[in-house]
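Worksheet: the structure to be examined is printed underneath.
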Protein chains: 2
Amino acid sequence: MLDVCLPGTGGMMPLPDRWLSCCWLEYQGRALLIDCGEGTQIALREADCKLSRLEVLLLTHYHADHIAGLPGLLLTLGNHGKTTPLTLIGPKGLQAVVSALTIIAPALPYRLELIEIKNDAEGCLEAEDIAVSYLPLQHSTRCLGYKVSLRRKPVFNPEKAQRLGIPKPLYKHLHAGETVTLEDGRQITPDQVLDGARKPLTVCYITDSVYTESMAAFAAGADLLICEGMYGDEELRGKTEDKGHMVFGDAARLAAGAKVGKLWLTHFSPALKDPAAYLPGAKAIFENTAVGYDGIKINL
Amino acid sequence: MLDVCLPGTGGMMPLPDRWLSCCWLEYQGRALLIDCGEGTQIALREADCKLSRLEVLLLTHYHADHIAGLPGLLLTLGNHGKTTPLTLIGPKGLQAVVSALTIIAPALPYRLELIEIKNDAEGCLEAEDIAVSYLPLQHSTRCLGYKVSLRRKPVFNPEKAQRLGIPKPLYKHLHAGETVTLEDGRQITPDQVLDGARKPLTVCYITDSVYTESMAAFAAGADLLICEGMYGDEELRGKTEDKGHMVFGDAARLAAGAKVGKLWLTHFSPALKDPAAYLPGAKAIFENTAVGYDGIKINL
């Protein structure tokens with residue numbers, strides 16, 4: 001129902017064997033991308049993410065490793081025939097940064113719609129079937145964590161429908177929330193055949209930041225938490241904190257505290273050659289942890 | 001004496017198997033780079049070009065596929081410990097473009113020295129041992145071709161030195177252009193032991209442009225001409241000309257007319273999957289043609 005992929009998992013600079021961290025979320029042929037560093041358009045191609053489906057780009061912050069790929073991506077979208085608008089969402093400064101970077105992407109065949117989150121508080125943007133929540137993080141610059149929640153239809157109960165003698169062609173209308181009238185004149189409302197609301201599917205994306213108290217409530221119960229781990233070694237926490245980053249253990253403790261379904265680690269330092277070597281330490285804190293790698297995918 | 005490498009050979013957009021076109025020139029541990037599209041910093045690493053040696057960046061023009069990698073490269077140079085200035089040379093607009101793109105690379109540990117070529121005429125920038133000439137090209141935006149000429153010392157003739165009875169330890173001083181005094185009081189001037197001036201080593205880099213009359217004189221006698229060929233097929237000339245580009249045949253005719261030593265083709269369209277298939281046609285016009293590929297190198 002919701003496809004999630006990390007086309008890149010690196011921090012700081014792109015490497016020959018690791019693209020910069022970003023996240024692709026796709027449902028029903030519509031896609032959101034979180035962050036766009038240098039080379040992200042190539043990472044997307046390698047991970048088989050269909051550029052033509054991209055509707056929304058969320059930006060966590062404006063450090064180059066999270067946004068330098070923007071002009072190239074915008075131009076490539078145009079070269080691939082995009083004509084529908086692209087929505088860009090990001091913290092304060094979005095207008096200024098996009099306007100500066102598009103000096104080299106001046107004529108696009110589609111519209112950019114900017115949503116600049118100017119305040120420094122938690123909040124939520126609602127659309128028909130999806131909600132994007134944001135949380136201010138603690139980094140060397142203004143930075144947002146994101147939570148994407150996809151609403152799901154309630155479960156349709158065919159036994160209830162059968163007992164009421166409803167013809168099968170009407171099932172889909174009831175599942176879509178419509179009231180139907182049977183041939184005998186009876187009106188059937190959706191609540192008579194649906195089994196109540198289902199929890200939305202939720203993916204939480206947190207980078208770049210030190211650990212903060214507010215993260216656990218924000219990520220609480222997420223199906224998947226994708227969280228930065230700049231280094232695996234706990235002893236490097238001092239070093240990462242200075243630069244506004246976390247180690248694997250911080251992310252694992254957050255996952256445990258927030259009781260998420262799964263944790264994927266990402267945004268590794270270029271100096272961290274083999275992130276998987278530190279997986280056992282993270283799993284000891286939160287069992288359902290995976291070390292992200294370029295191209296890791298899941299269908300939730 | 002002069003190492004030349006094409007870390008990337010693509011045009012328009014970076015591909016999983018082809019970096020954007022750029023050129024690395026290195027002599028005596030000092031390097032110049034021509035153009036810096038998205039991903040060029042990774043292409044340089046893959047081609048084993050030492051970033052620490054970079055002193056000058058020449059920009060042909062400000063289309064994203066030639067400059068979008070600038071902020072990332074600048075930051076990575078800083079992360080690698082660069083503290084000496086980086087000189088940026090480019091056509092009119094350099095100041096504005098660099099100032100816009102560095103919004104995401106605001107604090108560098110070294111100085112940027114900008115040389116903006118504001119006029120639309122041919123010209124030359126001279127340094128101690130090198131000259132950078134530029135030629136306005138004909139593209140959809142202001143664009144420059146470059147010619148890098150490395151001066152060489154005259155050849156030292158040891159037979160002449162022996163006949164004059166000069167002790168060997170003095171050879172290097174004479175070769176460096178110094179006059180020396182022998183023990184018997186005779187003064188020897190460099191011209192007595194040197195065999196006259198050698199032609200500078202010259203590399204000419206021409207992209208993006210349609211063919212223009214002025215190119216042949218500019219490239220005349222170059223040891224190596226690196227020239228764009230957007231497509232191999234002659235029949236696509238109309239298509240490439242509209243977009244301000246050349247086909248292989250245009251480049252080969254230029255090489256023949258300019259009587260260069262070698263021709264390397266570069267800046268291939270993403271649609272040109274196998275540029276080598278069109279090599280025979282280009283060789284029929286100019287025999288010493290090679291189809292560039294990411295990482296192609298030569299020592300001149």
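Residues in the structure tokens are named by chain (A, B, ... in the order shown) and by number from 1 within that chain; ligands are numbered from 1 in the order shown.
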
Using only C-alpha atoms, which residues of range 196-267 of chain B come within 12 Å of range 18-28 of chain B, and what is the closest atom pair for each, with the distance in Å to one decimal? Give it as JSON lines, sorted by chain and residue number.
```
{"residue": "B:Leu201", "atom": "CA", "partner": "B:Tyr27", "partner_atom": "CA", "distance": 10.9}
{"residue": "B:Thr202", "atom": "CA", "partner": "B:Leu25", "partner_atom": "CA", "distance": 10.8}
{"residue": "B:Val203", "atom": "CA", "partner": "B:Leu25", "partner_atom": "CA", "distance": 8.9}
{"residue": "B:Cys204", "atom": "CA", "partner": "B:Cys23", "partner_atom": "CA", "distance": 10.4}
{"residue": "B:Tyr205", "atom": "CA", "partner": "B:Cys23", "partner_atom": "CA", "distance": 8.2}
{"residue": "B:Ile206", "atom": "CA", "partner": "B:Cys23", "partner_atom": "CA", "distance": 10.8}
{"residue": "B:Thr207", "atom": "CA", "partner": "B:Ser21", "partner_atom": "CA", "distance": 9.1}
{"residue": "B:Asp208", "atom": "CA", "partner": "B:Ser21", "partner_atom": "CA", "distance": 10.4}
{"residue": "B:Leu224", "atom": "CA", "partner": "B:Leu25", "partner_atom": "CA", "distance": 11.8}
{"residue": "B:Leu225", "atom": "CA", "partner": "B:Cys23", "partner_atom": "CA", "distance": 11.6}
{"residue": "B:Ile226", "atom": "CA", "partner": "B:Cys23", "partner_atom": "CA", "distance": 8.9}
{"residue": "B:Cys227", "atom": "CA", "partner": "B:Ser21", "partner_atom": "CA", "distance": 10.6}
{"residue": "B:Glu228", "atom": "CA", "partner": "B:Ser21", "partner_atom": "CA", "distance": 9.2}
{"residue": "B:Gly229", "atom": "CA", "partner": "B:Ser21", "partner_atom": "CA", "distance": 11.3}
{"residue": "B:Met230", "atom": "CA", "partner": "B:Ser21", "partner_atom": "CA", "distance": 11.2}
{"residue": "B:Trp264", "atom": "CA", "partner": "B:Cys23", "partner_atom": "CA", "distance": 11.2}
{"residue": "B:Leu265", "atom": "CA", "partner": "B:Ser21", "partner_atom": "CA", "distance": 10.4}
{"residue": "B:Thr266", "atom": "CA", "partner": "B:Ser21", "partner_atom": "CA", "distance": 6.8}
{"residue": "B:His267", "atom": "CA", "partner": "B:Ser21", "partner_atom": "CA", "distance": 5.4}
```

(request) Quick one: pick out all helix (DSSP H, G or I) residues within range 46-208 of chain A from a backbone DSSP run and write them as a VMD selection string. (result) chain A and resid 46 51 to 53 64 to 67 70 to 79 94 to 104 158 to 163 168 to 175 190 to 192

Show me, as a short mmCIF file (atom, residue, chain, number, x, y, z; two decimals) with N, CA and C atoms, in the first residue's frame, every residue of chain A with an atom at most 8 Å from chain B, counting only C-alpha atoms.
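Ended up saving to result-v7.cif:
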```cif
data_model
loop_
_atom_site.label_atom_id
_atom_site.label_comp_id
_atom_site.auth_asym_id
_atom_site.auth_seq_id
_atom_site.Cartn_x
_atom_site.Cartn_y
_atom_site.Cartn_z
N MET A 13 28.81 14.16 2.14
CA MET A 13 29.18 14.28 0.72
C MET A 13 28.86 12.97 0.01
N PRO A 14 28.52 13.06 -1.28
CA PRO A 14 28.24 11.82 -2.02
C PRO A 14 29.54 11.06 -2.26
N LEU A 15 29.47 9.75 -2.22
CA LEU A 15 30.66 8.91 -2.41
C LEU A 15 30.43 8.00 -3.61
N PRO A 16 31.51 7.48 -4.19
CA PRO A 16 31.33 6.57 -5.33
C PRO A 16 30.43 5.37 -4.98
N GLU A 38 23.21 16.25 -3.83
CA GLU A 38 23.87 16.08 -5.13
C GLU A 38 23.86 14.61 -5.55
N GLY A 39 23.31 14.34 -6.70
CA GLY A 39 23.29 12.96 -7.22
C GLY A 39 21.99 12.22 -6.93
N ILE A 42 20.23 10.56 -9.76
CA ILE A 42 20.83 9.31 -10.26
C ILE A 42 20.48 8.17 -9.31
N ALA A 43 20.53 8.46 -8.00
CA ALA A 43 20.15 7.45 -7.00
C ALA A 43 18.72 6.97 -7.24
N ARG A 45 17.09 6.88 -10.08
CA ARG A 45 17.08 6.00 -11.26
C ARG A 45 17.61 4.63 -10.88
N GLU A 46 18.69 4.61 -10.13
CA GLU A 46 19.28 3.31 -9.77
C GLU A 46 18.33 2.48 -8.91
N TYR A 62 18.55 23.09 4.71
CA TYR A 62 19.20 23.59 3.50
C TYR A 62 20.72 23.44 3.51
N HIS A 63 21.21 22.40 4.17
CA HIS A 63 22.62 22.06 3.99
C HIS A 63 22.75 21.36 2.63
N ALA A 64 23.90 21.62 1.98
CA ALA A 64 24.07 21.18 0.59
C ALA A 64 23.83 19.68 0.41
N ASP A 65 24.21 18.87 1.41
CA ASP A 65 24.04 17.42 1.21
C ASP A 65 22.58 16.99 1.24
N ALA A 68 21.46 20.15 -2.63
CA ALA A 68 22.23 20.60 -3.81
C ALA A 68 21.78 19.95 -5.11
N GLY A 69 21.05 18.84 -5.02
CA GLY A 69 20.58 18.18 -6.24
C GLY A 69 19.29 18.77 -6.78
N PRO A 71 18.34 21.75 -8.38
CA PRO A 71 18.21 22.25 -9.75
C PRO A 71 18.29 21.14 -10.80
N GLY A 72 19.19 20.19 -10.59
CA GLY A 72 19.32 19.08 -11.55
C GLY A 72 18.05 18.24 -11.60
N THR A 76 15.61 17.71 -14.83
CA THR A 76 15.39 16.36 -15.35
C THR A 76 13.90 16.02 -15.35
N VAL A 97 16.04 29.98 -0.76
CA VAL A 97 16.96 28.95 -1.26
C VAL A 97 16.53 28.48 -2.66
N ALA A 100 17.33 31.07 -5.20
CA ALA A 100 18.76 31.15 -5.51
C ALA A 100 19.19 29.97 -6.39
N LEU A 101 18.80 28.77 -6.01
CA LEU A 101 19.30 27.59 -6.74
C LEU A 101 18.71 27.48 -8.15
N ILE A 103 18.46 29.67 -10.23
CA ILE A 103 19.13 30.57 -11.18
C ILE A 103 19.71 29.72 -12.33
N ILE A 104 20.02 28.45 -12.05
CA ILE A 104 20.52 27.58 -13.12
C ILE A 104 19.44 26.60 -13.62
N ALA A 105 18.21 26.84 -13.22
CA ALA A 105 17.08 26.04 -13.75
C ALA A 105 15.92 27.02 -13.96
#
```

(message) When you look at range 174-186 of chain A with a cut-off of 7 Å (counting only C-alpha atoms), what residues show up, excluding the ones that are within fewer than 4 positions of it in the same chain? I need them as JSON, numbers by chain.
(response) {"A": [156, 170, 190]}

Could you pull the residues within 12 Å of Arg163 in chain A, counting only C-alpha atoms, minus those fewer than 6 positions along the same chain, as a PDB file with C-alpha atoms, in the first residue's frame?
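What ended up in result-v3.pdb:
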```pdb
ATOM      1  CA  ASN A 157     -16.874  -6.983   6.137  1.00  0.00           C
ATOM      2  CA  GLN A 192     -23.437  -1.244   8.586  1.00  0.00           C
ATOM      3  CA  VAL A 193     -20.796  -3.149   6.583  1.00  0.00           C
TER       4      VAL A 193
END
```

(request) Just list the residues in range 164-246 of chain B DSSP gives strand (DSSP E) on the backbone, as a list of chain:residue names. (result) B:Val180, B:Thr181, B:Gln187, B:Ile188, B:Leu201, B:Thr202, B:Val203, B:Cys204, B:Tyr205, B:Ile206, B:Leu224, B:Leu225, B:Ile226, B:Cys227, B:Glu228

Please write the residues from the selection above to a file, keeping C-alpha atoms, as a PDB file, in the first residue's frame.
```
ATOM      1  CA  VAL B 180      76.730  30.939 -14.699  1.00  0.00           C
ATOM      2  CA  THR B 181      80.408  31.776 -14.162  1.00  0.00           C
ATOM      3  CA  GLN B 187      80.480  33.551 -18.237  1.00  0.00           C
ATOM      4  CA  ILE B 188      78.082  31.109 -19.920  1.00  0.00           C
ATOM      5  CA  LEU B 201      51.660  21.996 -24.764  1.00  0.00           C
ATOM      6  CA  THR B 202      48.125  22.938 -25.686  1.00  0.00           C
ATOM      7  CA  VAL B 203      44.749  21.430 -24.843  1.00  0.00           C
ATOM      8  CA  CYS B 204      41.621  22.932 -26.312  1.00  0.00           C
ATOM      9  CA  TYR B 205      38.165  22.295 -24.790  1.00  0.00           C
ATOM     10  CA  ILE B 206      35.079  23.197 -26.818  1.00  0.00           C
ATOM     11  CA  LEU B 224      44.686  17.671 -27.979  1.00  0.00           C
ATOM     12  CA  LEU B 225      41.276  18.994 -28.942  1.00  0.00           C
ATOM     13  CA  ILE B 226      38.424  17.898 -26.692  1.00  0.00           C
ATOM     14  CA  CYS B 227      35.218  18.725 -28.490  1.00  0.00           C
ATOM     15  CA  GLU B 228      31.560  18.029 -27.959  1.00  0.00           C
TER      16      GLU B 228
END
```

(message) Using only C-alpha atoms, which protein or nucleic acid residues come within 12 Å of Lys283 in chain A? Drop anything in the same chain fewer than 2 positions from it, and give the result as a list in words.
(response)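 Near neighbours after the sequence-gap exclusion: Gly232, Phe248, Gly249, Asp250, Ala251, Ala252, Arg253, Ala255, Ala256, Lys262, Leu263, Trp264, Leu265, Ala276, Ala277, Tyr278, Leu279, Pro280, Gly281, Ile285, Phe286, Glu287, Asn288, Thr289, Ala290 and Val291 of chain A.
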
(request) Skip range 133-141 of chain B itself and residues of its chain fewer than 4 positions away, then list as number ranges by chain all residues within 9 Å of it, counting only C-alpha atoms. (result) B: 61-63, 91, 120-126, 145-149, 206-212, 214-215, 218, 241-245

(request) Quick one: pull the distance between CA of Glu55 in chain B and CA of Leu86 in chain B, Å, one decimal. (result) 5.1 Å

(request) Quick one: everything within 9 Å of range 114-116 of chain A, counting only C-alpha atoms, minus sequence neighbours fewer than 4 positions away in the same chain. Send it as a list in words. (result) Leu86, Thr87, Leu88, Ile89, Gly90, Pro91, Lys92, Gly93, Leu94, Gln95 and Val98 of chain A
